[in-house]
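Data from coords-v7.cif: mmCIF, C-alpha atoms and all ligand atoms
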data_input
#
loop_
_atom_site.label_atom_id
_atom_site.label_comp_id
_atom_site.auth_asym_id
_atom_site.auth_seq_id
_atom_site.Cartn_x
_atom_site.Cartn_y
_atom_site.Cartn_z
CA MET Q 1 -79.44 -96.34 -8.46
CA ILE Q 2 -76.76 -98.45 -10.14
CA ILE Q 3 -75.43 -101.42 -8.18
CA HIS Q 4 -72.29 -103.36 -9.13
CA LEU Q 5 -72.43 -106.79 -7.56
CA LYS Q 6 -69.30 -108.57 -6.39
CA GLU Q 7 -67.77 -110.99 -8.88
CA GLY Q 8 -68.70 -114.65 -8.89
CA ILE Q 9 -72.22 -114.43 -7.48
CA ALA Q 10 -74.43 -117.28 -8.71
CA GLU Q 11 -76.94 -116.35 -11.43
CA ASN Q 12 -79.95 -117.31 -9.31
CA LYS Q 13 -78.74 -115.06 -6.48
CA VAL Q 14 -78.22 -112.20 -8.96
CA ALA Q 15 -81.78 -112.70 -10.22
CA GLU Q 16 -83.13 -112.78 -6.65
CA ILE Q 17 -81.41 -109.50 -5.76
CA ALA Q 18 -82.48 -107.82 -9.02
CA ASP Q 19 -86.05 -108.91 -8.39
CA ALA Q 20 -86.01 -107.71 -4.80
CA VAL Q 21 -84.75 -104.22 -5.72
CA GLU Q 22 -86.87 -104.06 -8.92
CA ALA Q 23 -83.80 -103.57 -11.09
CA LEU Q 24 -82.88 -104.28 -14.69
CA CYS Q 25 -79.76 -106.41 -14.77
CA PHE Q 26 -76.97 -107.09 -17.27
CA PHE Q 27 -73.44 -108.44 -17.22
CA ASP Q 28 -70.91 -105.88 -18.44
CA GLY Q 29 -68.10 -108.39 -19.00
CA ILE Q 30 -66.71 -107.99 -15.48
CA THR Q 31 -69.62 -107.56 -13.15
CA HIS Q 32 -73.39 -107.84 -12.92
CA VAL Q 33 -74.88 -104.37 -13.11
CA LEU Q 34 -78.29 -103.69 -11.60
CA VAL Q 35 -80.14 -100.47 -12.40
CA ASN Q 36 -83.37 -99.38 -10.80
CA SER Q 37 -85.16 -96.08 -10.40
CA SER Q 38 -83.14 -93.09 -9.25
CA LYS Q 39 -85.76 -92.74 -6.49
CA VAL Q 40 -84.18 -95.77 -4.78
CA LYS Q 41 -81.31 -94.46 -2.68
CA ALA Q 42 -80.01 -97.53 -0.80
CA VAL Q 43 -79.57 -101.29 -1.15
CA PRO Q 44 -81.58 -103.23 1.49
CA SER Q 45 -79.14 -104.11 4.28
CA HIS Q 46 -79.54 -107.89 3.88
CA PHE Q 47 -78.08 -107.64 0.34
CA GLU Q 48 -75.14 -105.41 1.24
CA GLU Q 49 -72.71 -108.34 1.45
CA PHE Q 50 -73.19 -108.95 -2.32
CA VAL Q 51 -72.59 -105.35 -3.37
CA ASP Q 52 -69.27 -104.10 -4.65
CA GLN Q 53 -70.22 -100.50 -5.48
CA GLN Q 54 -73.36 -98.40 -5.64
CA PHE Q 55 -74.03 -95.12 -7.43
CA ILE Q 56 -76.83 -92.76 -6.44
CA PHE Q 57 -78.40 -90.31 -8.92
CA ASP Q 58 -80.92 -87.53 -8.75
CA SER Q 59 -82.58 -88.41 -12.09
CA ASP Q 60 -82.91 -91.42 -14.39
CA ILE Q 61 -79.92 -90.30 -16.42
CA GLN Q 62 -77.78 -92.97 -14.78
CA LEU Q 63 -75.79 -95.32 -17.05
CA ALA Q 64 -75.25 -92.38 -19.43
CA SER Q 65 -74.08 -90.03 -16.70
CA ARG Q 66 -70.50 -88.86 -16.26
CA ASP Q 67 -71.11 -89.32 -12.51
CA TYR Q 68 -71.15 -93.05 -13.32
CA LEU Q 69 -68.43 -93.21 -15.98
CA LYS Q 70 -66.22 -90.13 -16.15
CA GLU Q 71 -64.77 -90.92 -19.55
CA THR Q 72 -66.76 -91.00 -22.80
CA ARG Q 73 -67.59 -94.60 -23.72
CA PRO Q 74 -65.40 -96.01 -26.51
CA ILE Q 75 -67.10 -97.10 -29.72
CA GLN Q 76 -65.26 -99.08 -32.35
CA ILE Q 77 -66.37 -98.40 -35.91
CA GLY Q 78 -64.35 -100.57 -38.26
CA LYS Q 79 -60.70 -99.65 -37.72
CA ASN Q 80 -61.56 -96.39 -36.00
CA GLN Q 81 -62.52 -95.54 -32.48
CA VAL Q 82 -64.62 -92.64 -31.27
CA GLY Q 83 -65.13 -91.63 -27.66
CA SER Q 84 -62.86 -92.72 -24.81
CA LYS Q 85 -59.46 -90.96 -25.05
CA SER Q 86 -59.71 -90.71 -28.83
CA ILE Q 87 -59.51 -87.23 -30.33
CA ASN Q 88 -61.22 -88.38 -33.52
CA THR Q 89 -64.07 -86.55 -35.20
CA LEU Q 90 -65.53 -89.13 -37.57
CA MET Q 91 -67.12 -88.01 -40.83
CA ILE Q 92 -70.08 -90.04 -42.05
CA THR Q 93 -71.62 -89.08 -45.34
CA GLY Q 94 -73.86 -90.47 -48.04
CA PRO Q 95 -77.29 -89.82 -49.50
CA CYS Q 96 -80.51 -89.50 -47.55
CA SER Q 97 -81.80 -92.68 -49.25
CA VAL Q 98 -80.51 -95.53 -51.36
CA GLU Q 99 -82.22 -94.84 -54.70
CA SER Q 100 -80.53 -97.12 -57.25
CA GLN Q 101 -77.42 -99.20 -57.83
CA GLU Q 102 -75.79 -96.38 -59.85
CA GLN Q 103 -76.57 -93.71 -57.26
CA ILE Q 104 -75.31 -95.62 -54.22
CA GLU Q 105 -72.26 -96.85 -56.09
CA ALA Q 106 -71.35 -93.26 -57.02
CA CYS Q 107 -71.67 -92.34 -53.34
CA ALA Q 108 -69.59 -95.31 -52.15
CA ALA Q 109 -66.83 -94.55 -54.68
CA PHE Q 110 -66.91 -90.88 -53.62
CA ASN Q 111 -66.48 -91.77 -49.94
CA GLN Q 112 -63.62 -94.10 -50.77
CA SER Q 113 -61.89 -91.43 -52.87
CA LEU Q 114 -61.90 -89.07 -49.85
CA GLY Q 115 -60.88 -91.73 -47.35
CA ILE Q 116 -64.26 -91.54 -45.59
CA SER Q 117 -64.88 -94.93 -44.03
CA VAL Q 118 -68.60 -94.88 -43.23
CA LEU Q 119 -71.43 -94.63 -45.77
CA ARG Q 120 -74.87 -93.49 -44.66
CA ALA Q 121 -78.09 -94.16 -46.60
CA GLY Q 122 -81.64 -94.96 -45.55
CA CYS Q 123 -83.65 -97.87 -46.96
CA PHE Q 124 -86.75 -97.58 -44.76
CA LYS Q 125 -87.47 -93.87 -44.77
CA PRO Q 126 -89.63 -92.24 -42.07
CA ARG Q 127 -91.33 -89.80 -44.45
CA THR Q 128 -93.81 -87.17 -43.33
CA SER Q 129 -96.16 -88.10 -46.20
CA PRO Q 130 -97.27 -91.61 -47.14
CA TYR Q 131 -97.39 -90.54 -50.82
CA THR Q 132 -93.67 -89.84 -51.20
CA PHE Q 133 -90.74 -92.24 -51.75
CA GLN Q 134 -90.61 -94.62 -48.77
CA GLY Q 135 -87.20 -96.16 -49.47
CA MET Q 136 -85.99 -99.26 -51.30
CA GLY Q 137 -86.39 -101.50 -48.27
CA GLU Q 138 -84.54 -104.81 -48.29
CA GLU Q 139 -83.35 -104.28 -51.86
CA GLY Q 140 -81.59 -101.16 -50.59
CA LEU Q 141 -79.99 -103.09 -47.72
CA ALA Q 142 -78.64 -105.62 -50.24
CA LEU Q 143 -77.10 -102.78 -52.27
CA LEU Q 144 -75.47 -101.40 -49.13
CA ALA Q 145 -74.01 -104.84 -48.36
CA GLU Q 146 -72.57 -104.86 -51.88
CA MET Q 147 -71.00 -101.42 -51.29
CA ARG Q 148 -69.46 -102.63 -48.03
CA ALA Q 149 -67.87 -105.59 -49.78
CA LYS Q 150 -66.71 -103.71 -52.88
CA TYR Q 151 -65.47 -100.47 -51.29
CA GLY Q 152 -64.53 -101.65 -47.79
CA LEU Q 153 -66.92 -99.19 -46.13
CA GLN Q 154 -68.83 -99.38 -42.87
CA ILE Q 155 -72.59 -98.97 -43.30
CA ILE Q 156 -75.12 -97.00 -41.28
CA SER Q 157 -78.83 -97.18 -42.06
CA GLU Q 158 -81.98 -96.48 -40.09
CA ILE Q 159 -84.75 -98.54 -38.56
CA ARG Q 160 -88.10 -96.91 -39.23
CA ASP Q 161 -90.34 -99.33 -37.34
CA ALA Q 162 -90.37 -102.75 -35.72
CA SER Q 163 -91.49 -104.57 -38.91
CA HIS Q 164 -87.94 -104.64 -40.31
CA ALA Q 165 -85.78 -103.98 -37.23
CA ASP Q 166 -83.99 -107.36 -37.39
CA GLU Q 167 -83.26 -107.02 -41.11
CA VAL Q 168 -81.65 -103.60 -40.62
CA ILE Q 169 -79.71 -104.65 -37.51
CA ASN Q 170 -78.29 -107.67 -39.34
CA ALA Q 171 -77.36 -105.65 -42.43
CA VAL Q 172 -75.56 -102.65 -40.92
CA ASP Q 173 -72.43 -101.85 -38.92
CA ILE Q 174 -74.10 -98.97 -37.09
CA VAL Q 175 -77.85 -98.91 -36.47
CA GLN Q 176 -79.47 -95.51 -36.89
CA VAL Q 177 -82.56 -94.66 -34.87
CA GLY Q 178 -84.16 -91.61 -36.44
CA ALA Q 179 -85.64 -88.57 -34.76
CA LYS Q 180 -89.20 -89.85 -35.20
CA ALA Q 181 -88.26 -93.29 -33.87
CA MET Q 182 -86.46 -92.00 -30.77
CA TYR Q 183 -89.51 -92.65 -28.61
CA ASP Q 184 -90.18 -96.15 -30.02
CA GLN Q 185 -89.28 -98.40 -27.12
CA GLY Q 186 -89.68 -101.53 -29.25
CA ILE Q 187 -86.89 -100.26 -31.50
CA LEU Q 188 -84.79 -99.10 -28.55
CA ARG Q 189 -85.07 -102.53 -26.92
CA LYS Q 190 -84.12 -104.29 -30.17
CA CYS Q 191 -81.07 -102.02 -30.36
CA GLY Q 192 -80.23 -102.80 -26.74
CA GLU Q 193 -80.30 -106.52 -27.46
CA SER Q 194 -78.35 -106.18 -30.73
CA GLY Q 195 -74.94 -105.39 -29.24
CA LYS Q 196 -74.17 -103.26 -32.33
CA PRO Q 197 -73.21 -99.58 -32.23
CA VAL Q 198 -76.35 -97.44 -32.30
CA LEU Q 199 -76.61 -93.84 -33.46
CA LEU Q 200 -79.62 -92.41 -31.66
CA LYS Q 201 -81.01 -89.20 -33.09
CA ARG Q 202 -82.73 -86.67 -30.89
CA GLY Q 203 -86.47 -86.35 -31.49
CA PHE Q 204 -87.12 -82.81 -32.71
CA GLY Q 205 -89.51 -82.23 -29.81
CA ALA Q 206 -87.49 -84.08 -27.19
CA THR Q 207 -85.85 -82.43 -24.20
CA LEU Q 208 -82.28 -83.40 -23.40
CA GLN Q 209 -83.59 -85.41 -20.44
CA GLU Q 210 -85.94 -87.40 -22.71
CA PHE Q 211 -83.20 -87.86 -25.31
CA VAL Q 212 -80.72 -89.30 -22.84
CA GLN Q 213 -83.39 -91.43 -21.19
CA ALA Q 214 -84.10 -92.99 -24.59
CA ALA Q 215 -80.40 -93.92 -24.65
CA GLU Q 216 -80.83 -95.46 -21.17
CA PHE Q 217 -83.26 -98.01 -22.68
CA ILE Q 218 -80.42 -99.27 -24.89
CA LEU Q 219 -77.72 -99.03 -22.21
CA SER Q 220 -79.83 -100.83 -19.60
CA LEU Q 221 -80.01 -103.90 -21.85
CA GLY Q 222 -76.23 -104.14 -21.72
CA ASN Q 223 -75.39 -102.41 -25.01
CA GLY Q 224 -72.96 -99.65 -24.09
CA GLN Q 225 -72.28 -98.63 -27.70
CA VAL Q 226 -74.61 -95.68 -28.05
CA ILE Q 227 -73.85 -92.47 -29.94
CA LEU Q 228 -76.09 -89.46 -29.45
CA CYS Q 229 -76.86 -87.35 -32.52
CA GLU Q 230 -78.24 -83.81 -32.37
CA ARG Q 231 -80.09 -83.12 -35.63
CA GLY Q 232 -82.06 -79.98 -34.87
CA ILE Q 233 -85.10 -79.30 -32.75
CA ARG Q 234 -88.32 -77.51 -33.58
CA THR Q 235 -88.53 -73.89 -32.52
CA PHE Q 236 -90.73 -70.95 -33.57
CA GLU Q 237 -88.36 -70.35 -36.52
CA THR Q 238 -89.60 -71.39 -39.96
CA LYS Q 239 -86.90 -70.00 -42.27
CA THR Q 240 -84.70 -72.99 -41.50
CA ARG Q 241 -86.04 -76.56 -41.25
CA PHE Q 242 -85.05 -77.00 -37.59
CA THR Q 243 -82.73 -75.26 -35.12
CA ILE Q 244 -79.49 -76.99 -34.21
CA ASP Q 245 -79.10 -77.05 -30.45
CA LEU Q 246 -75.42 -76.38 -29.80
CA CYS Q 247 -76.16 -75.48 -26.17
CA GLY Q 248 -77.60 -78.97 -25.84
CA VAL Q 249 -74.41 -80.38 -27.32
CA ALA Q 250 -72.37 -78.49 -24.70
CA TYR Q 251 -74.60 -79.99 -22.00
CA LEU Q 252 -74.22 -83.52 -23.37
CA LYS Q 253 -70.44 -83.20 -23.59
CA GLU Q 254 -70.26 -82.03 -19.98
CA ARG Q 255 -72.72 -84.41 -18.30
CA VAL Q 256 -73.17 -87.47 -20.49
CA ASN Q 257 -70.64 -90.27 -21.11
CA LEU Q 258 -71.76 -91.05 -24.69
CA PRO Q 259 -70.05 -89.80 -27.87
CA VAL Q 260 -71.89 -86.91 -29.52
CA PHE Q 261 -72.39 -86.54 -33.28
CA LEU Q 262 -74.01 -83.66 -35.11
CA ASP Q 263 -76.20 -83.68 -38.21
CA PRO Q 264 -76.29 -80.15 -39.68
CA SER Q 265 -77.99 -81.38 -42.88
CA HIS Q 266 -81.35 -82.20 -41.29
CA ALA Q 267 -81.11 -79.24 -38.92
CA MET Q 268 -80.66 -76.68 -41.68
CA GLY Q 269 -82.73 -78.31 -44.39
CA TYR Q 270 -80.96 -76.30 -47.10
CA ALA Q 271 -77.60 -77.13 -48.67
CA TYR Q 272 -76.45 -73.51 -48.65
CA GLY Q 273 -76.11 -73.48 -44.86
CA VAL Q 274 -74.57 -76.90 -44.35
CA PRO Q 275 -70.84 -76.06 -44.90
CA ASP Q 276 -70.76 -73.16 -42.40
CA LEU Q 277 -72.78 -75.12 -39.86
CA THR Q 278 -70.54 -78.15 -40.25
CA ARG Q 279 -67.49 -76.03 -39.51
CA ALA Q 280 -69.20 -74.61 -36.42
CA CYS Q 281 -70.01 -78.15 -35.28
CA VAL Q 282 -66.42 -79.34 -35.75
CA ALA Q 283 -65.20 -76.33 -33.75
CA MET Q 284 -67.32 -77.55 -30.82
CA GLY Q 285 -65.08 -80.60 -30.40
CA ILE Q 286 -67.51 -83.37 -31.27
CA ASP Q 287 -67.04 -87.07 -31.92
CA GLY Q 288 -68.56 -87.16 -35.37
CA LEU Q 289 -70.75 -85.76 -38.12
CA LEU Q 290 -73.53 -87.05 -40.32
CA ILE Q 291 -73.80 -85.10 -43.58
CA GLU Q 292 -76.01 -85.86 -46.55
CA SER Q 293 -74.32 -85.91 -49.96
CA HIS Q 294 -75.67 -87.01 -53.32
CA PRO Q 295 -74.33 -87.19 -56.90
CA ASP Q 296 -77.23 -85.02 -58.12
CA PRO Q 297 -79.15 -83.49 -55.18
CA SER Q 298 -81.82 -81.87 -57.37
CA SER Q 299 -83.00 -85.32 -58.47
CA ALA Q 300 -82.90 -86.89 -54.98
CA LEU Q 301 -86.03 -88.80 -53.96
CA SER Q 302 -85.87 -87.53 -50.36
CA ASP Q 303 -84.34 -84.46 -48.70
CA ALA Q 304 -83.33 -82.99 -52.07
CA SER Q 305 -82.93 -79.44 -50.76
CA GLN Q 306 -80.30 -80.20 -48.15
CA GLN Q 307 -77.95 -82.73 -49.74
CA LEU Q 308 -74.52 -81.50 -50.84
CA ASP Q 309 -73.28 -82.29 -54.32
CA PHE Q 310 -69.86 -83.92 -54.44
CA GLU Q 311 -68.03 -80.74 -55.39
CA SER Q 312 -69.47 -78.77 -52.45
CA PHE Q 313 -68.88 -81.65 -50.08
CA GLY Q 314 -65.28 -82.04 -51.24
CA LYS Q 315 -64.61 -78.31 -50.72
CA LEU Q 316 -66.15 -78.45 -47.27
CA PHE Q 317 -64.26 -81.58 -46.27
CA GLU Q 318 -60.91 -79.94 -47.11
CA THR Q 319 -61.56 -77.17 -44.59
CA LEU Q 320 -62.33 -79.45 -41.63
CA PRO Q 321 -58.93 -80.91 -40.58
CA GLY Q 322 -57.55 -77.41 -39.91
CA ILE Q 323 -60.50 -76.55 -37.66
CA ALA Q 324 -60.32 -79.88 -35.84
CA ASN Q 325 -56.55 -79.51 -35.34
CA THR Q 326 -56.95 -76.02 -33.85
CA ILE Q 327 -58.91 -77.52 -30.96
CA GLY Q 328 -56.66 -80.57 -30.59
CA ARG Q 329 -58.80 -83.00 -32.54
CA ASN Q 330 -58.33 -85.10 -35.62
CA MET Q 331 -60.76 -85.40 -38.56
CA ILE Q 332 -61.11 -88.96 -39.81
C1 LIG P 401 -82.10 -89.17 -42.12
O1 LIG P 401 -81.02 -89.31 -41.50
O2 LIG P 401 -82.22 -89.26 -43.36
C2 LIG P 401 -83.31 -88.85 -41.32
C3 LIG P 401 -84.53 -89.19 -41.73
O3 LIG P 401 -83.03 -88.15 -40.22
P1 LIG P 401 -83.96 -87.71 -38.98
O4 LIG P 401 -84.41 -88.98 -38.34
O5 LIG P 401 -83.01 -86.92 -38.13
O6 LIG P 401 -85.08 -86.87 -39.52
MN MN P 402 -82.55 -87.35 -44.84
#
Output the file's structure as structure tokens, nothing else.
Ligand code: PEP
Ligand code: MN
Amino acid sequence: MIIHLKEGIAENKVAEIADAVEALCFFDGITHVLVNSSKVKAVPSHFEEFVDQQFIFDSDIQLASRDYLKETRPIQIGKNQVGSKSINTLMITGPCSVESQEQIEACAAFNQSLGISVLRAGCFKPRTSPYTFQGMGEEGLALLAEMRAKYGLQIISEIRDASHADEVINAVDIVQVGAKAMYDQGILRKCGESGKPVLLKRGFGATLQEFVQAAEFILSLGNGQVILCERGIRTFETKTRFTIDLCGVAYLKERVNLPVFLDPSHAMGYAYGVPDLTRACVAMGIDGLLIESHPDPSSALSDASQQLDFESFGKLFETLPGIANTIGRNMI
């Protein structure tokens, strides 16, 4: 249940009510919001005088539900907005990992040349093997900060584990929580406390319920700036790296009040499929895309097979505004 308290209630009274109904509590700028289990269906009668509104749910998808907020939550990314009434589909591109000054600078200059405002690149990489490139760490974050200053770009980079969560949160404009980190409640709580936009990727074995409940950890700490990102789930199929769940995207758009991004690069795992998939994603009317691009994919230190070279990316990018316009959206 979500409870909106009346305005102007003293902090100690708010805490007493939250405690009594076993609720998490945050201030949303207007009102104190209390959220407890969806199994609780009524406020005890002796607290009713303090309650402005209450919302009852049949599952713990609560703050993220369109039954709570009908409209998609707005998220400001630099000068651009996604969600809310905006018809924007925001392109984010960049390499899988920061690898060197020259490499990330080539990527930043490429984004700027296409008018793409957000640069993606990981510095703490959640690799499947401990023997492969693990990312440049804080040195990579410093290079990203340089790219922000020099090219006027927004930066998104991922937190791999709690050991460097604060460093990443401080360094980026959007915090990425990767598929493998989706279940890490330490990271989710840090993101909730950060107040920064968070792009939460779906774990490749996570149901939609689990995915959205992971977002609830962030929302219930008072950070409403959460973007959901579908990046492929594991199925019986082995010819592609993962299987992109467009049905899941349709569900999220219908029932969940968070902007939805798609990452066809990690879903497909092979560059040859990424342009067609990207076009299919844009045609679904989504809020944004995350695509890996690299000046020389064959030499990339992570995800070499799926990154687009600049020529292929440029050709793809040209085809997207027309598709977005056909369904009443705008590529930015
Ligand atoms: C990435 O974005 O480079 C990444 C590791 O993605 P995911 O967490 O979806 O595997
Ligand atoms: Mn990658």
Please report, as a tab-separated table, each residue of chain Q lying at most 9 Å from ligand MN 402 (chain P), together with the nearest pair of atoms and the separation in Å rounded to one decimal; use all atoms listed in the file, and order rows by chain and ascending residue number.
residue	atom	partner	partner_atom	distance
Q:Pro95	CA	P:MN402	MN	7.4
Q:Cys96	CA	P:MN402	MN	4.0
Q:Ser97	CA	P:MN402	MN	7.0
Q:Ala121	CA	P:MN402	MN	8.3
Q:Gly122	CA	P:MN402	MN	7.7
Q:Lys125	CA	P:MN402	MN	8.2
Q:Ser265	CA	P:MN402	MN	7.8
Q:His266	CA	P:MN402	MN	6.4
Q:Glu292	CA	P:MN402	MN	6.9
Q:Ser302	CA	P:MN402	MN	6.4
Q:Asp303	CA	P:MN402	MN	5.1
Q:Ala304	CA	P:MN402	MN	8.5
Q:Gln306	CA	P:MN402	MN	8.2
Q:Gln307	CA	P:MN402	MN	8.2
Keeping only C-alpha atoms, take the residues you just selected and write them out as a PDB file, keeping the file's coordinate frame.
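For reference, selection02.pdb as written:
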ATOM      1  CA  PRO Q  95     -77.290 -89.820 -49.500  1.00  0.00           C
ATOM      2  CA  CYS Q  96     -80.510 -89.500 -47.550  1.00  0.00           C
ATOM      3  CA  SER Q  97     -81.800 -92.680 -49.250  1.00  0.00           C
ATOM      4  CA  ALA Q 121     -78.090 -94.160 -46.600  1.00  0.00           C
ATOM      5  CA  GLY Q 122     -81.640 -94.960 -45.550  1.00  0.00           C
ATOM      6  CA  LYS Q 125     -87.470 -93.870 -44.770  1.00  0.00           C
ATOM      7  CA  SER Q 265     -77.990 -81.380 -42.880  1.00  0.00           C
ATOM      8  CA  HIS Q 266     -81.350 -82.200 -41.290  1.00  0.00           C
ATOM      9  CA  GLU Q 292     -76.010 -85.860 -46.550  1.00  0.00           C
ATOM     10  CA  SER Q 302     -85.870 -87.530 -50.360  1.00  0.00           C
ATOM     11  CA  ASP Q 303     -84.340 -84.460 -48.700  1.00  0.00           C
ATOM     12  CA  ALA Q 304     -83.330 -82.990 -52.070  1.00  0.00           C
ATOM     13  CA  GLN Q 306     -80.300 -80.200 -48.150  1.00  0.00           C
ATOM     14  CA  GLN Q 307     -77.950 -82.730 -49.740  1.00  0.00           C
TER      15      GLN Q 307
END
Go through Q:Asp28, Q:Val51, Q:Val249, Q:Glu254 one by one, measure the shortest atom-to-atom distance of each to Val14 (chain Q) using all atoms listed in the file, and give the residue with the smallest value.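 Under the stated criterion, the closest residue is Q:Val51.
Environment of ligand LIG 401 (chain P), defined as every protein or nucleic acid residue with an atom within 6 Å of it and counting only C-alpha atoms and all ligand atoms, comprises Cys96, Pro126, Gly178, Ala179, Lys180, Lys201, Arg231 and His266 of chain Q.
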Using CA of Thr278 (chain Q) and CA of Asp184 (chain Q) as the two end points, give the distance in Å to one decimal.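 Separating CA of Thr278 (chain Q) from CA of Asp184 (chain Q) is a distance of 28.5 Å.
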With all atoms listed in the file as the basis for distance, which of Q:Gly137, Q:Arg160, Q:Gly224, Q:Ala280 is at the shortest distance from Gly29 (chain Q)?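 Distance minimum relative to Gly29 (chain Q) lands on Q:Gly224.
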CA of Leu290 (chain Q) to CA of Ile92 (chain Q), distance in Å rounded to a single decimal: 4.9 Å
Can you list, as a PyMOL selection string, every protein, DNA or RNA residue that comes within 10 Å of Gly78 (chain Q) when you count only C-alpha atoms, leaving out same-chain residues fewer than 4 positions away? chain Q and resi 117-118+152-155+173-174
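Residues surrounding Val21 (chain Q) within 9 Å are Glu16, Ile17, Ala18, Leu34, Val35, Asn36, Val40, Val43 and Pro44 of chain Q [all atoms listed in the file; sequence separation below 3 positions excluded].
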Can you list, as JSON, numbers by chain, every protein, DNA or RNA residue that comes within 12 Å of Leu219 (chain Q) when you count only C-alpha atoms, leaving out same-chain residues fewer than 6 positions away? {"Q": [24, 25, 26, 27, 28, 33, 34, 35, 61, 62, 63, 64, 65, 73, 188, 189, 190, 191, 192, 193, 194, 195, 196, 197, 198, 200, 212, 213, 225, 226, 227, 257, 258]}
Can I get the selected residues back with C-alpha atoms, as a JSON list (two decimals), keeping the file's coordinate frame?
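Below you can see result39.json, which holds the result:
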[["chain", "number", "residue", "atom", "x", "y", "z"],
["Q", 24, "LEU", "CA", -82.88, -104.28, -14.69],
["Q", 25, "CYS", "CA", -79.76, -106.41, -14.77],
["Q", 26, "PHE", "CA", -76.97, -107.09, -17.27],
["Q", 27, "PHE", "CA", -73.44, -108.44, -17.22],
["Q", 28, "ASP", "CA", -70.91, -105.88, -18.44],
["Q", 33, "VAL", "CA", -74.88, -104.37, -13.11],
["Q", 34, "LEU", "CA", -78.29, -103.69, -11.60],
["Q", 35, "VAL", "CA", -80.14, -100.47, -12.40],
["Q", 61, "ILE", "CA", -79.92, -90.30, -16.42],
["Q", 62, "GLN", "CA", -77.78, -92.97, -14.78],
["Q", 63, "LEU", "CA", -75.79, -95.32, -17.05],
["Q", 64, "ALA", "CA", -75.25, -92.38, -19.43],
["Q", 65, "SER", "CA", -74.08, -90.03, -16.70],
["Q", 73, "ARG", "CA", -67.59, -94.60, -23.72],
["Q", 188, "LEU", "CA", -84.79, -99.10, -28.55],
["Q", 189, "ARG", "CA", -85.07, -102.53, -26.92],
["Q", 190, "LYS", "CA", -84.12, -104.29, -30.17],
["Q", 191, "CYS", "CA", -81.07, -102.02, -30.36],
["Q", 192, "GLY", "CA", -80.23, -102.80, -26.74],
["Q", 193, "GLU", "CA", -80.30, -106.52, -27.46],
["Q", 194, "SER", "CA", -78.35, -106.18, -30.73],
["Q", 195, "GLY", "CA", -74.94, -105.39, -29.24],
["Q", 196, "LYS", "CA", -74.17, -103.26, -32.33],
["Q", 197, "PRO", "CA", -73.21, -99.58, -32.23],
["Q", 198, "VAL", "CA", -76.35, -97.44, -32.30],
["Q", 200, "LEU", "CA", -79.62, -92.41, -31.66],
["Q", 212, "VAL", "CA", -80.72, -89.30, -22.84],
["Q", 213, "GLN", "CA", -83.39, -91.43, -21.19],
["Q", 225, "GLN", "CA", -72.28, -98.63, -27.70],
["Q", 226, "VAL", "CA", -74.61, -95.68, -28.05],
["Q", 227, "ILE", "CA", -73.85, -92.47, -29.94],
["Q", 257, "ASN", "CA", -70.64, -90.27, -21.11],
["Q", 258, "LEU", "CA", -71.76, -91.05, -24.69]]
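Distances to Glu48 (chain Q) were evaluated for Q:Ala20, Q:Leu5, Q:Gly269, Q:Thr31 using all atoms listed in the file, and the minimum falls at Q:Leu5.
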In Å, with one decimal, what is the gap from CA of Arg279 (chain Q) to CA of Asn325 (chain Q)? 12.2 Å
Using all atoms listed in the file, which of the listed residues (Q:Ile187, Q:Ala10, Q:Ala149, Q:Ile116) sits closest to Ile291 (chain Q)?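 Among Q:Ile187, Q:Ala10, Q:Ala149, Q:Ile116, it is Q:Ile116 that comes nearest to Ile291 (chain Q).
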Quick one: residues within 9 Å of Phe211 (chain Q), only C-alpha atoms counted, chain neighbours fewer than 6 positions away excluded, as a CSV table (one decimal) with C-alpha atoms, in the coordinates of the input?
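Saved the output as around26.csv:
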chain,number,residue,atom,x,y,z
Q,182,MET,CA,-86.5,-92.0,-30.8
Q,183,TYR,CA,-89.5,-92.6,-28.6
Q,200,LEU,CA,-79.6,-92.4,-31.7
Q,201,LYS,CA,-81.0,-89.2,-33.1
Q,202,ARG,CA,-82.7,-86.7,-30.9
Q,203,GLY,CA,-86.5,-86.4,-31.5
Q,228,LEU,CA,-76.1,-89.5,-29.4
